[in-house]
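Visitor: Before anything else, here's the structure in question.
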Amino acid sequence: MGVSLSKAAQWTTFSPDAGKLKFTPTNQALLKEILSFLERIVSQHPQEADCVFEAPLQWRTTSLAPDPKTDNDISVSTARSHEANSEGALSPPTAHSFSQLSRLIHAAEDKKLEEIQACLEENRNFLVKILGRRFASQLIGDDSDAESLKKDETSDVKSRLMVLLQNTDEQILRELLRDVSDAQYDPDLMKVEMDFLQFCSEGDDRLLKSVRYTSDFEYWNGCRAPPWRQAQGEICYVVIEPMDTERLSVTCCTAGVFLNGGGNPEEDDGCIRTSEIYPDLVTLMKRRSSYFALNLVKEVPYLPSAQRTQLSVSKLHDSRTLEPRWRDLLLSTGGGEEEKKLRRSSAEKKKRLESGTRSKTKPEVIVSSSPARLTSLTKKTSSKATVADFSSETSSKSEEEEEQPERRPKSDFYLSSEFLQIKKLVKYLKKSDQKVTLLVLCCMLDLDLTQESCNLVIRDEGGLKVLLNLLDTNEDECKMGALKILIRMSRCVPIQRSIEDMLGVRSFVNNLDSEVTKVKALAAETIANVANFPRSRRTVRQSGGIEKLIKLLDGFLKSQKKSDNSEDMEAARCGALALWSCSRSTRNKKAICKAGGIPLLGCLLTSSLESMLIPVVGTLQECASEESSRITIQSKDIIQNLVKNLRSDSTDLKIQCSMALFKCAEDKETRDLVRKYKGLKPLVELLNTNNKELLAAASGAIWKCSISSENVVIFQQDKVLESLSRLLTDQPEEVLINVAGALTEFLQIPANKAAIRKCDGIKPMIQLLLRTNQALLVNVTKAVGACATDKENRKIIDELDGISLLWALLQNPNPDVQSSAAWAICPCIDNSKDAMTTVLSFQGFGLILNLLTSTNKEVLVSTCAVIAKLAKYKNILTTLTEYGIVSLLTKLTNTKDDRLRHHLSDAICNCCQHANNVASFGEAGAVEPLVKYMKSEDVLVRQSATMALFQLSWDPNNNLTMLSKGAVKRLIPMIGSTLEEVQEAAACCVRNIRMTAMECRRASRISRPTQEGCQ
Amino acid sequence: MVKQFKPNSSSPFQARMSSTNKKVMQALAETISQKVEHFSKKEVECLIRKFNTLLEAEKHPDSSVPGLDRNRFKDVLHNLFELTDDFILDRVFKVFDKDNDSFVSVEEWIQGLSVFLRGTPDEQIKYCFQVYDLTGSGFITKDEIYLMLKDSLPMEQQDEEDEMNELIEIVLKMMDYDKDGRLSFEDFEKSVKKEDLILEAFGKCLPNFRTKKKFEEQVLEKQQDE
């Protein structure tokens, strides 16, 4: 009862002492069961019923009037009851034995259930109270001291009582579980199974030699195990002699069945578990005797285990959705390994079938068949499963592949007629001669090979190996049949892996040399499928497949004069498909380019056949990510054909073409070519599509094309900016990224800055600043930055609180986002000083100064630019100075990057406006590097440095440093600068230096005599 | 029509290729080439010549043979086209021998080869069906399939036979569209159209790519050049 109460009963709270039983059907049933037990125990087991409890059960009664007639033979309790009576109050009723308890409950008449409930609620540890801690702990499941228990003579009655409780517990549980699960093994099921096995051991074609119980005596509860064993959940012991292996001694217990050492169960340690727990006897037999398993499937209509497996599968699914306590219950009542077992059982069945005539399958082999796990297991096990061996050897080497555990066929698939048919066909395939092989192949082609289960079974039955072997024969028909099947099978990912593991890819590549064009085409198509698997792509390349595939293209181009070249065309098409799949690896892209594939692909572009064009453009598109291939693509007039196909009817083709242009237009020549072949307009037309993939590709192509401002002008004839700004909302991120990128390019042209304002494009842009996609953020911030170079636009950005959004992006971990946000902030600063001050007051200072310690150069450059702008405002500069801007900037001065030098000089220049900073920069050592900047070839750097030096020259010490570092020589040419400001700064700076120098000289003249005098 | 050329195609005519005979042969080639679709007149000439060499090699003293007899024909197909299945070769002979006189005449030879080498898919489906329809009943029955496949059974094994029957059941299930338990021409045609490998599923009765190419090169193209 312990388990049923602790697990099955639905308590109101989790606290075990304060719990109340909920009023639920389950609990009502539970209480009724307990009641009937109480009524039964007195009549059926009087001795046990009189066994005195270790501690009395007490509870507050609701209805029970103490009955003077219940004169108990145990005086204590009677006394207490009378006491209570005499006080006139309802004192707690007390029970010292089951007979007493029974009587008390009986007295409650129609409120029996409530009484029991109250009793249970207040005696949650009633087992301990009844039996004492030692027994109770055992009953609950801790069997550590089970042995010592039995020897205790005095506890004999208690022991029997305990068994009684245990059985009741189980019965109650079974009752309660009937709707939920009968996964638990019980004497009834055991009997059914024994009957079935006995039936199996009779007759000429018997499956077993014999089966018998070890004991003929059956207890009242259907168990045959001795009571103290029953206390541990054991039901009976069985000895089974299978046809093909040695005798098995089996223990049936509530958790299932398992092999024991074969000793005498009556003895203490006679029955130690030596195997895993199986759900039932038939499962165990199928596992242990392959003869039994094979023949059971064949001829016996009654499949208890299969049904049970199925049942428990469905139950298992149920149990997942059940409330947790039911799952606990399932687990605690012995289904503990249920799930694991089930998984094993399907894998196991598979293995068993695979093993064919192998006489005995070892359970160790059976662990799991998912390759990912097998790789780690193969070392330990002696598994002969070929797949596993191969994958363990090679998978460690593979670079790119993701390890995905493969799905197993559903267990009911093993019962389907399809499964049996596949099994048969593979069997025929293995042993038939050429003629029948072809017939069998035809039959296999008729199977539904889109089903992963079918494919896996073909593989597991050894069919895949045979199919691959057929490729190495000379029979073209059989080869074609095998290839046709393999094409379909290789769409399934686990099969791709297996093919690679069985070295199938090399066979495919070899067949590309066949003299039969059809075989070549089929082999190429298979490669197209398997090359979705990364490791296979490598194998194709390593076995020279790329060259051979390109030869297929060549063959078609050469055959074009022939009247009937449809087969060659099919081969070329499949070749292109295979190249497309292969070209997903960088090395393969290079290999295709190196083998001269791109010009051939270019020639195929003139085809008018869609099914040919898609893989061809697809391959080109993939190759275009390689810079070296891009050059070839441009030089070959491929662009013209790509542009032409932008107006194809096929969306897929349009996608591939746009993608190709997207990638190629990274280079200026392509952009010009696209313009030349009038490809811009079709791209714009594609923006009206609803296909998101196409939209992403087309907007990408527009983005890259618009890098050339000539193209932007043409785009604007079609009002592309307006179309693009419409695409800033409700689009997938791939589209948004490209649209934002394109807008950035468009906004480089001043006229467009007003245009974007007019078509309300700024608001959605600002909203995109709230996204998290890094690539998107980079492009959007750039676009916003480009917008912000216009004064009117800045106003709108300010109104929309864009500044704080941009500022927040400075905190983004991605340096690209940081820098582009900083660049976007720059133009806004002039316009929105107020907003800036507000933003800065919220931790803004720490943030921007933090960026100055970044390791990313672009971040540093952009931050310097921001600081240069910020420092123009006095109060901001004051705060910046307080934050130590001087030393931070000075630390950066030792750089060779001209852009950083430029913006850094600007920043230093502007920071000098704060009184003490001039001297501070000098003390920190900023002057010397700045003088060095004057040597830079970059005019901008020299100009900025001049301005900075001019500011610094207000401090005499700085001037001395400048003088000693030869600044004057470099400043003088700057006086001839084109910028008046710079001219003036350079001139003033020289003047300041000179002044200081003169003063110094004067000072030294004065001081010299003193010095001399001292000496 | 066929009959009237038969005497001409007998062996003395082919034995000595005089210039007059050449003319006769050209006339013959002319007539035959009008009847077959896939060969030009020149090619027909080549095939006639090949036929004559095949007959000549037989060295018939009585010189009254009207054509290739069964064994000779089977040898020829075996040597030229690597067809090995004796049972099927018998059937191929039957199909070639349209007039059922146990000889394949020169016209039957060329007409047969027209389908055999260059037949359209439809022609070849018809041809193969004829080969497999052992009794000429218009249906391929279960028993006929069994007969065609039984040579593939390893010897002395009872259970193999059961397996073969199981396989035939599967094949029938796959191909028997009208569910009458046997394969009609329509069933066969439909199956082949769905999966062209079924065309020769019951036994090889067409040349493979290599032998076809070899034959075309050796007999048709080479002799054309002469």
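Here, A, B, ... name the chains of the structure tokens in the order displayed, residue numbers run from 1 inside each chain, and ligands are numbered from 1 in the same displayed order.
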Set out as a Markdown table a contact list for chain B and chain A with a cut-off of 8 Å, giving each residue of chain B that qualifies its closest atom pair and distance in Å to one decimal, counting only C-alpha atoms, ordered by chain and rising residue number.
Guide:
```
| residue | atom | partner | partner_atom | distance |
| --- | --- | --- | --- | --- |
| B:Leu149 | CA | A:Val436 | CA | 7.1 |
| B:Ser152 | CA | A:Asp433 | CA | 6.1 |
| B:Leu153 | CA | A:Ser432 | CA | 7.8 |
| B:Glu163 | CA | A:Tyr428 | CA | 8.0 |
| B:Leu167 | CA | A:Leu425 | CA | 7.7 |
| B:Ile170 | CA | A:Cys443 | CA | 7.3 |
| B:Val171 | CA | A:Cys443 | CA | 6.4 |
| B:Met174 | CA | A:Cys443 | CA | 7.0 |
| B:Glu195 | CA | A:Cys442 | CA | 7.5 |
| B:Leu197 | CA | A:Cys442 | CA | 6.7 |
| B:Ile198 | CA | A:Cys442 | CA | 6.3 |
| B:Ala201 | CA | A:Leu439 | CA | 5.0 |
| B:Phe202 | CA | A:Lys435 | CA | 6.9 |
| B:Gly203 | CA | A:Lys435 | CA | 5.9 |
| B:Lys204 | CA | A:Lys435 | CA | 7.5 |
| B:Asn208 | CA | A:Asp476 | CA | 7.9 |
| B:Phe209 | CA | A:Val516 | CA | 6.7 |
```
Visitor: Report the residues of segment 599-737 of chain A whose backbone DSSP state falls under alpha helix (DSSP H), written as a PyMOL selection string.
Guide: chain A and resi 599-604+610-623+627-635+638-645+651-664+668-676+680-686+692-705+709-717+720-726+733-737
Visitor: Tell me, as a PyMOL selection string, which residues lie within 12 Å of Val92 of chain B, counting only C-alpha atoms; anything in the same chain fewer than 5 positions away does not count.
Guide: chain B and resi 70-71+73-74+76-78+83-87+97-98+104+108-109+112-113+115-116+127-134+203-207
Visitor: Between atom CA of Cys787 of chain A and atom CA of His902 of chain A, what distance in Å does the model show, to one decimal?
Guide: 23.5 Å
Visitor: Just to confirm, what's the straight-line distance from atom CA of Ala578 of chain A to atom CA of Ser635 of chain A in Å (one decimal)?
Guide: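 Taking atom CA of Ala578 of chain A and atom CA of Ser635 of chain A, their separation equals 24.3 Å.
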Visitor: Choose the residue, out of A:Glu461, A:Glu858, A:Glu792, A:Asp169, that has the smallest atom-to-atom separation from Pro827 of chain A; count only C-alpha atoms.
Guide: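 Closest candidate: A:Glu792.
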Visitor: Using DSSP on the backbone coordinates, identify the residues of segment 48-220 of chain B assigned to strand (DSSP E or B); present them as a PDB file with all heavy atoms, in the first residue's frame.
Guide:
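Saved result, states.pdb, follows:
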```pdb
ATOM      1  N   LEU B  68      18.008 -19.585 -91.898  1.00  0.00           N
ATOM      2  CA  LEU B  68      18.679 -20.089 -90.707  1.00  0.00           C
ATOM      3  C   LEU B  68      17.700 -20.982 -89.944  1.00  0.00           C
ATOM      4  O   LEU B  68      16.578 -20.581 -89.678  1.00  0.00           O
ATOM      5  CB  LEU B  68      19.096 -18.925 -89.812  1.00  0.00           C
ATOM      6  CG  LEU B  68      20.119 -17.935 -90.380  1.00  0.00           C
ATOM      7  CD1 LEU B  68      20.126 -16.661 -89.557  1.00  0.00           C
ATOM      8  CD2 LEU B  68      21.502 -18.558 -90.405  1.00  0.00           C
ATOM      9  N   ASP B  69      18.168 -22.179 -89.599  1.00  0.00           N
ATOM     10  CA  ASP B  69      17.294 -23.009 -88.772  1.00  0.00           C
ATOM     11  C   ASP B  69      17.481 -22.621 -87.308  1.00  0.00           C
ATOM     12  O   ASP B  69      18.294 -21.770 -86.961  1.00  0.00           O
ATOM     13  CB  ASP B  69      17.564 -24.500 -89.017  1.00  0.00           C
ATOM     14  CG  ASP B  69      18.944 -24.912 -88.543  1.00  0.00           C
ATOM     15  OD1 ASP B  69      19.574 -24.131 -87.788  1.00  0.00           O
ATOM     16  OD2 ASP B  69      19.401 -25.993 -88.928  1.00  0.00           O
ATOM     17  N   PHE B 103      12.368 -21.812 -90.204  1.00  0.00           N
ATOM     18  CA  PHE B 103      13.566 -21.158 -90.743  1.00  0.00           C
ATOM     19  C   PHE B 103      13.370 -19.650 -90.694  1.00  0.00           C
ATOM     20  O   PHE B 103      12.256 -19.164 -90.910  1.00  0.00           O
ATOM     21  CB  PHE B 103      13.807 -21.559 -92.212  1.00  0.00           C
ATOM     22  CG  PHE B 103      14.321 -22.975 -92.329  1.00  0.00           C
ATOM     23  CD1 PHE B 103      13.457 -24.015 -92.670  1.00  0.00           C
ATOM     24  CD2 PHE B 103      15.669 -23.256 -92.118  1.00  0.00           C
ATOM     25  CE1 PHE B 103      13.926 -25.304 -92.777  1.00  0.00           C
ATOM     26  CE2 PHE B 103      16.134 -24.553 -92.226  1.00  0.00           C
ATOM     27  CZ  PHE B 103      15.263 -25.591 -92.561  1.00  0.00           C
ATOM     28  N   VAL B 104      14.473 -18.935 -90.425  1.00  0.00           N
ATOM     29  CA  VAL B 104      14.404 -17.479 -90.492  1.00  0.00           C
ATOM     30  C   VAL B 104      14.949 -17.066 -91.855  1.00  0.00           C
ATOM     31  O   VAL B 104      16.132 -17.244 -92.136  1.00  0.00           O
ATOM     32  CB  VAL B 104      15.206 -16.814 -89.360  1.00  0.00           C
ATOM     33  CG1 VAL B 104      15.326 -15.311 -89.580  1.00  0.00           C
ATOM     34  CG2 VAL B 104      14.553 -17.098 -88.027  1.00  0.00           C
ATOM     35  N   PHE B 139      -1.576 -13.575 -73.476  1.00  0.00           N
ATOM     36  CA  PHE B 139      -1.378 -13.300 -72.044  1.00  0.00           C
ATOM     37  C   PHE B 139      -0.117 -13.993 -71.566  1.00  0.00           C
ATOM     38  O   PHE B 139       0.230 -15.075 -72.062  1.00  0.00           O
ATOM     39  CB  PHE B 139      -2.554 -13.822 -71.222  1.00  0.00           C
ATOM     40  CG  PHE B 139      -3.840 -13.094 -71.513  1.00  0.00           C
ATOM     41  CD1 PHE B 139      -4.778 -13.641 -72.374  1.00  0.00           C
ATOM     42  CD2 PHE B 139      -4.091 -11.860 -70.914  1.00  0.00           C
ATOM     43  CE1 PHE B 139      -5.952 -12.967 -72.648  1.00  0.00           C
ATOM     44  CE2 PHE B 139      -5.265 -11.185 -71.186  1.00  0.00           C
ATOM     45  CZ  PHE B 139      -6.198 -11.733 -72.047  1.00  0.00           C
ATOM     46  N   ILE B 140       0.548 -13.354 -70.642  1.00  0.00           N
ATOM     47  CA  ILE B 140       1.633 -14.046 -69.953  1.00  0.00           C
ATOM     48  C   ILE B 140       1.050 -14.545 -68.639  1.00  0.00           C
ATOM     49  O   ILE B 140       0.609 -13.749 -67.796  1.00  0.00           O
ATOM     50  CB  ILE B 140       2.813 -13.094 -69.670  1.00  0.00           C
ATOM     51  CG1 ILE B 140       3.333 -12.462 -70.955  1.00  0.00           C
ATOM     52  CG2 ILE B 140       3.947 -13.845 -68.977  1.00  0.00           C
ATOM     53  CD1 ILE B 140       4.402 -11.403 -70.743  1.00  0.00           C
ATOM     54  N   LEU B 183      -0.869 -11.479 -67.207  1.00  0.00           N
ATOM     55  CA  LEU B 183      -0.445 -10.214 -67.786  1.00  0.00           C
ATOM     56  C   LEU B 183      -0.918 -10.115 -69.228  1.00  0.00           C
ATOM     57  O   LEU B 183      -0.507 -10.895 -70.084  1.00  0.00           O
ATOM     58  CB  LEU B 183       1.081 -10.099 -67.747  1.00  0.00           C
ATOM     59  CG  LEU B 183       1.719 -10.140 -66.356  1.00  0.00           C
ATOM     60  CD1 LEU B 183       3.224 -10.041 -66.479  1.00  0.00           C
ATOM     61  CD2 LEU B 183       1.187  -9.027 -65.480  1.00  0.00           C
ATOM     62  N   SER B 184      -1.774  -9.157 -69.477  1.00  0.00           N
ATOM     63  CA  SER B 184      -2.168  -8.897 -70.857  1.00  0.00           C
ATOM     64  C   SER B 184      -1.121  -7.980 -71.485  1.00  0.00           C
ATOM     65  O   SER B 184      -0.232  -7.481 -70.800  1.00  0.00           O
ATOM     66  CB  SER B 184      -3.527  -8.209 -70.875  1.00  0.00           C
ATOM     67  OG  SER B 184      -3.416  -6.969 -70.243  1.00  0.00           O
TER      68      SER B 184
END
```
Visitor: Tell me, in Å to one decimal, how far atom CA of Asn125 of chain A is from atom CA of Ser99 of chain A.
Guide: 19.1 Å
